[in-house]
Amino acid sequence: KPRSKKPALIAVAALLVLGLGGGAAWMAGVFRGDVLDQQSLEDGVVKVLNENYGEPDVKNAQCPSNEAAQNGTTFDCTVTIGGQQKKVTVRVLNDRPEYEVGAPH
């Protein structure tokens, strides 16, 4: 009596679906790990510049999206201070995430 090919076809179809789903999730960045919330980060940069550096006229902080929330990650944000565009360097200190904001340059 010949064996049915139905179980093998179901297994192949299941593997194909899992493979495509995993690939799509990887492409979407699901496995990248935790990233910083861009809006909270930008608000935090403005607050630090106001409170810690005494810069009262800070506007339009723009930080890159999808920055990793892990110790040692560094990147630059741009801000407008007194009508002039400047950069600040942000360094992530841990995975909580806490970060430090460098002086404008």
# chains A, B, ... in the order shown; residues from 1 in each chain; ligands from 1

$ residues_around --residues "range 62-73 of chain A" --least-positions-apart "2" --cutoff "7 Å" --atoms "only C-alpha atoms" --output "ChimeraX atom specification"
/A:34-36,38,42,60,75-79,91-95,97

$ write_last_selection --atoms "all heavy atoms" --output "compact mmCIF listing (two decimals), in the first residue's frame"
# COMPACT_ATOMS: atom_id res chain seq x y z
N ASP A 34 15.98 46.15 22.42
CA ASP A 34 15.32 47.39 22.85
C ASP A 34 15.97 48.59 22.19
O ASP A 34 17.18 48.67 22.05
CB ASP A 34 15.42 47.53 24.36
CG ASP A 34 14.56 46.51 25.08
OD1 ASP A 34 13.56 46.06 24.51
OD2 ASP A 34 14.90 46.16 26.22
N VAL A 35 15.11 49.52 21.80
CA VAL A 35 15.57 50.78 21.23
C VAL A 35 15.00 51.93 22.05
O VAL A 35 14.00 51.78 22.74
CB VAL A 35 15.17 50.94 19.74
CG1 VAL A 35 15.84 49.89 18.88
CG2 VAL A 35 13.68 50.90 19.56
N LEU A 36 15.66 53.07 21.99
CA LEU A 36 15.21 54.25 22.72
C LEU A 36 13.97 54.83 22.06
O LEU A 36 13.85 54.84 20.84
CB LEU A 36 16.32 55.29 22.75
CG LEU A 36 17.61 54.89 23.45
CD1 LEU A 36 18.70 55.91 23.19
CD2 LEU A 36 17.38 54.73 24.95
N GLN A 38 12.21 57.66 20.61
CA GLN A 38 12.76 58.88 20.01
C GLN A 38 12.17 60.14 20.62
O GLN A 38 12.90 61.08 20.95
CB GLN A 38 12.54 58.86 18.50
CG GLN A 38 13.21 60.02 17.79
CD GLN A 38 13.04 59.94 16.28
OE1 GLN A 38 12.28 59.14 15.76
NE2 GLN A 38 13.76 60.78 15.58
N GLU A 42 14.26 62.97 22.72
CA GLU A 42 14.35 64.38 22.30
C GLU A 42 13.88 65.31 23.40
O GLU A 42 14.50 66.35 23.65
CB GLU A 42 13.56 64.57 21.01
CG GLU A 42 14.21 63.87 19.84
CD GLU A 42 13.37 63.81 18.58
OE1 GLU A 42 12.17 64.17 18.62
OE2 GLU A 42 13.90 63.39 17.54
N ASN A 60 13.60 72.30 18.97
CA ASN A 60 13.74 71.40 17.83
C ASN A 60 14.85 70.36 17.97
O ASN A 60 15.70 70.25 17.08
CB ASN A 60 13.93 72.23 16.56
CG ASN A 60 13.62 71.43 15.31
OD1 ASN A 60 12.84 70.49 15.35
ND2 ASN A 60 14.26 71.78 14.21
N PHE A 75 25.59 58.54 19.96
CA PHE A 75 25.09 59.14 18.72
C PHE A 75 24.93 60.63 18.95
O PHE A 75 24.97 61.11 20.09
CB PHE A 75 23.76 58.50 18.30
CG PHE A 75 22.73 58.48 19.40
CD1 PHE A 75 21.84 59.53 19.56
CD2 PHE A 75 22.67 57.41 20.27
CE1 PHE A 75 20.91 59.51 20.58
CE2 PHE A 75 21.74 57.38 21.30
CZ PHE A 75 20.86 58.43 21.46
N ASP A 76 24.77 61.38 17.88
CA ASP A 76 24.57 62.83 17.96
C ASP A 76 23.13 63.20 17.69
O ASP A 76 22.46 62.59 16.84
CB ASP A 76 25.46 63.56 16.94
CG ASP A 76 26.92 63.56 17.33
OD1 ASP A 76 27.22 63.43 18.53
OD2 ASP A 76 27.77 63.70 16.42
N CYS A 77 22.66 64.21 18.40
CA CYS A 77 21.36 64.82 18.15
C CYS A 77 21.63 66.27 17.74
O CYS A 77 22.63 66.85 18.16
CB CYS A 77 20.49 64.82 19.41
SG CYS A 77 20.09 63.19 20.05
N THR A 78 20.76 66.83 16.94
CA THR A 78 20.87 68.25 16.60
C THR A 78 19.80 69.01 17.37
O THR A 78 18.70 68.51 17.59
CB THR A 78 20.72 68.50 15.09
OG1 THR A 78 19.45 68.00 14.66
CG2 THR A 78 21.82 67.83 14.30
N VAL A 79 20.16 70.22 17.79
CA VAL A 79 19.23 71.10 18.51
C VAL A 79 19.43 72.52 17.98
O VAL A 79 20.46 72.85 17.41
CB VAL A 79 19.47 71.06 20.04
CG1 VAL A 79 19.14 69.71 20.62
CG2 VAL A 79 20.89 71.46 20.39
N ARG A 91 25.20 59.55 25.15
CA ARG A 91 25.78 58.22 25.41
C ARG A 91 24.86 57.48 26.37
O ARG A 91 24.50 57.98 27.42
CB ARG A 91 27.16 58.34 26.03
CG ARG A 91 27.81 56.97 26.27
CD ARG A 91 29.27 57.09 26.65
NE ARG A 91 29.48 57.75 27.91
CZ ARG A 91 29.73 57.10 29.06
NH1 ARG A 91 29.82 55.80 29.08
NH2 ARG A 91 29.93 57.79 30.16
N VAL A 92 24.46 56.28 25.96
CA VAL A 92 23.59 55.44 26.79
C VAL A 92 24.46 54.82 27.88
O VAL A 92 25.52 54.25 27.60
CB VAL A 92 22.90 54.36 25.94
CG1 VAL A 92 22.02 53.47 26.80
CG2 VAL A 92 22.07 55.00 24.82
N LEU A 93 23.98 54.92 29.13
CA LEU A 93 24.76 54.45 30.27
C LEU A 93 24.42 53.03 30.70
O LEU A 93 25.23 52.35 31.31
CB LEU A 93 24.57 55.39 31.46
CG LEU A 93 24.98 56.84 31.20
CD1 LEU A 93 24.64 57.69 32.41
CD2 LEU A 93 26.46 56.93 30.89
N ASN A 94 23.19 52.59 30.43
CA ASN A 94 22.77 51.25 30.83
C ASN A 94 21.51 50.88 30.06
O ASN A 94 21.08 51.63 29.18
CB ASN A 94 22.54 51.17 32.35
CG ASN A 94 21.59 52.24 32.85
OD1 ASN A 94 20.57 52.51 32.23
ND2 ASN A 94 21.93 52.85 33.96
N ASP A 95 20.90 49.76 30.41
CA ASP A 95 19.72 49.31 29.67
C ASP A 95 18.40 49.74 30.31
O ASP A 95 17.35 49.26 29.95
CB ASP A 95 19.75 47.79 29.47
CG ASP A 95 19.77 47.04 30.78
OD1 ASP A 95 19.78 47.68 31.86
OD2 ASP A 95 19.77 45.80 30.74
N PRO A 97 16.54 52.80 30.13
CA PRO A 97 17.84 53.33 29.76
C PRO A 97 18.07 54.69 30.42
O PRO A 97 17.17 55.53 30.49
CB PRO A 97 17.73 53.50 28.26
CG PRO A 97 16.31 53.83 28.04
CD PRO A 97 15.54 53.11 29.12

$ atom_distance --atom1 "CA of Asp43 in chain A" --atom2 "CA of Thr74 in chain A"
17.3 Å

$ select_by_dssp --residues "range 34-84 of chain A" --states "strand (DSSP E)" --output "MDAnalysis selection string"
chainID A and resid 58:62 74:81 84

$ write_last_selection --atoms "all heavy atoms" --output "tab-separated table (two decimals), in the first residue's frame"
chain	number	residue	atom	x	y	z
A	58	VAL	N	16.25	76.38	23.96
A	58	VAL	CA	16.53	75.16	23.21
A	58	VAL	C	15.25	74.74	22.49
A	58	VAL	O	14.19	74.63	23.10
A	58	VAL	CB	17.00	74.02	24.13
A	58	VAL	CG1	17.28	72.77	23.31
A	58	VAL	CG2	18.23	74.44	24.91
A	59	LYS	N	15.36	74.51	21.19
A	59	LYS	CA	14.20	74.11	20.40
A	59	LYS	C	14.60	73.02	19.42
A	59	LYS	O	15.77	72.84	19.09
A	59	LYS	CB	13.66	75.30	19.60
A	59	LYS	CG	13.09	76.41	20.45
A	59	LYS	CD	12.50	77.49	19.57
A	59	LYS	CE	11.76	78.49	20.40
A	59	LYS	NZ	12.52	79.61	20.84
A	60	ASN	N	13.60	72.30	18.97
A	60	ASN	CA	13.74	71.40	17.83
A	60	ASN	C	14.85	70.36	17.97
A	60	ASN	O	15.70	70.25	17.08
A	60	ASN	CB	13.93	72.23	16.56
A	60	ASN	CG	13.62	71.43	15.31
A	60	ASN	OD1	12.84	70.49	15.35
A	60	ASN	ND2	14.26	71.78	14.21
A	61	ALA	N	14.85	69.62	19.07
A	61	ALA	CA	15.82	68.53	19.20
A	61	ALA	C	15.45	67.43	18.22
A	61	ALA	O	14.29	67.04	18.11
A	61	ALA	CB	15.81	67.99	20.62
A	62	GLN	N	16.42	66.94	17.48
A	62	GLN	CA	16.21	65.86	16.53
A	62	GLN	C	17.28	64.80	16.74
A	62	GLN	O	18.47	65.05	16.52
A	62	GLN	CB	16.26	66.37	15.09
A	62	GLN	CG	15.12	67.31	14.77
A	62	GLN	CD	15.18	67.81	13.34
A	62	GLN	OE1	16.20	67.74	12.68
A	62	GLN	NE2	14.07	68.32	12.87
A	74	THR	N	26.49	55.42	21.44
A	74	THR	CA	26.63	56.88	21.34
A	74	THR	C	26.13	57.34	19.97
A	74	THR	O	26.22	56.61	18.98
A	74	THR	CB	28.10	57.34	21.51
A	74	THR	OG1	28.90	56.73	20.50
A	74	THR	CG2	28.64	57.01	22.88
A	75	PHE	N	25.59	58.54	19.96
A	75	PHE	CA	25.09	59.14	18.72
A	75	PHE	C	24.93	60.63	18.95
A	75	PHE	O	24.97	61.11	20.09
A	75	PHE	CB	23.76	58.50	18.30
A	75	PHE	CG	22.73	58.48	19.40
A	75	PHE	CD1	21.84	59.53	19.56
A	75	PHE	CD2	22.67	57.41	20.27
A	75	PHE	CE1	20.91	59.51	20.58
A	75	PHE	CE2	21.74	57.38	21.30
A	75	PHE	CZ	20.86	58.43	21.46
A	76	ASP	N	24.77	61.38	17.88
A	76	ASP	CA	24.57	62.83	17.96
A	76	ASP	C	23.13	63.20	17.69
A	76	ASP	O	22.46	62.59	16.84
A	76	ASP	CB	25.46	63.56	16.94
A	76	ASP	CG	26.92	63.56	17.33
A	76	ASP	OD1	27.22	63.43	18.53
A	76	ASP	OD2	27.77	63.70	16.42
A	77	CYS	N	22.66	64.21	18.40
A	77	CYS	CA	21.36	64.82	18.15
A	77	CYS	C	21.63	66.27	17.74
A	77	CYS	O	22.63	66.85	18.16
A	77	CYS	CB	20.49	64.82	19.41
A	77	CYS	SG	20.09	63.19	20.05
A	78	THR	N	20.76	66.83	16.94
A	78	THR	CA	20.87	68.25	16.60
A	78	THR	C	19.80	69.01	17.37
A	78	THR	O	18.70	68.51	17.59
A	78	THR	CB	20.72	68.50	15.09
A	78	THR	OG1	19.45	68.00	14.66
A	78	THR	CG2	21.82	67.83	14.30
A	79	VAL	N	20.16	70.22	17.79
A	79	VAL	CA	19.23	71.10	18.51
A	79	VAL	C	19.43	72.52	17.98
A	79	VAL	O	20.46	72.85	17.41
A	79	VAL	CB	19.47	71.06	20.04
A	79	VAL	CG1	19.14	69.71	20.62
A	79	VAL	CG2	20.89	71.46	20.39
A	80	THR	N	18.42	73.33	18.19
A	80	THR	CA	18.53	74.74	17.87
A	80	THR	C	18.60	75.50	19.19
A	80	THR	O	17.69	75.40	20.01
A	80	THR	CB	17.33	75.23	17.03
A	80	THR	OG1	17.25	74.42	15.85
A	80	THR	CG2	17.48	76.69	16.65
A	81	ILE	N	19.70	76.22	19.39
A	81	ILE	CA	19.90	76.99	20.62
A	81	ILE	C	20.13	78.44	20.22
A	81	ILE	O	21.09	78.75	19.50
A	81	ILE	CB	21.10	76.46	21.43
A	81	ILE	CG1	20.88	75.01	21.82
A	81	ILE	CG2	21.33	77.33	22.67
A	81	ILE	CD1	22.07	74.37	22.51
A	84	GLN	N	20.66	79.08	16.54
A	84	GLN	CA	21.78	78.42	15.86
A	84	GLN	C	21.68	76.91	16.04
A	84	GLN	O	21.39	76.41	17.13
A	84	GLN	CB	23.11	78.88	16.44
A	84	GLN	CG	23.44	80.32	16.15
A	84	GLN	CD	24.84	80.65	16.65
A	84	GLN	OE1	25.25	80.22	17.71
A	84	GLN	NE2	25.56	81.44	15.86
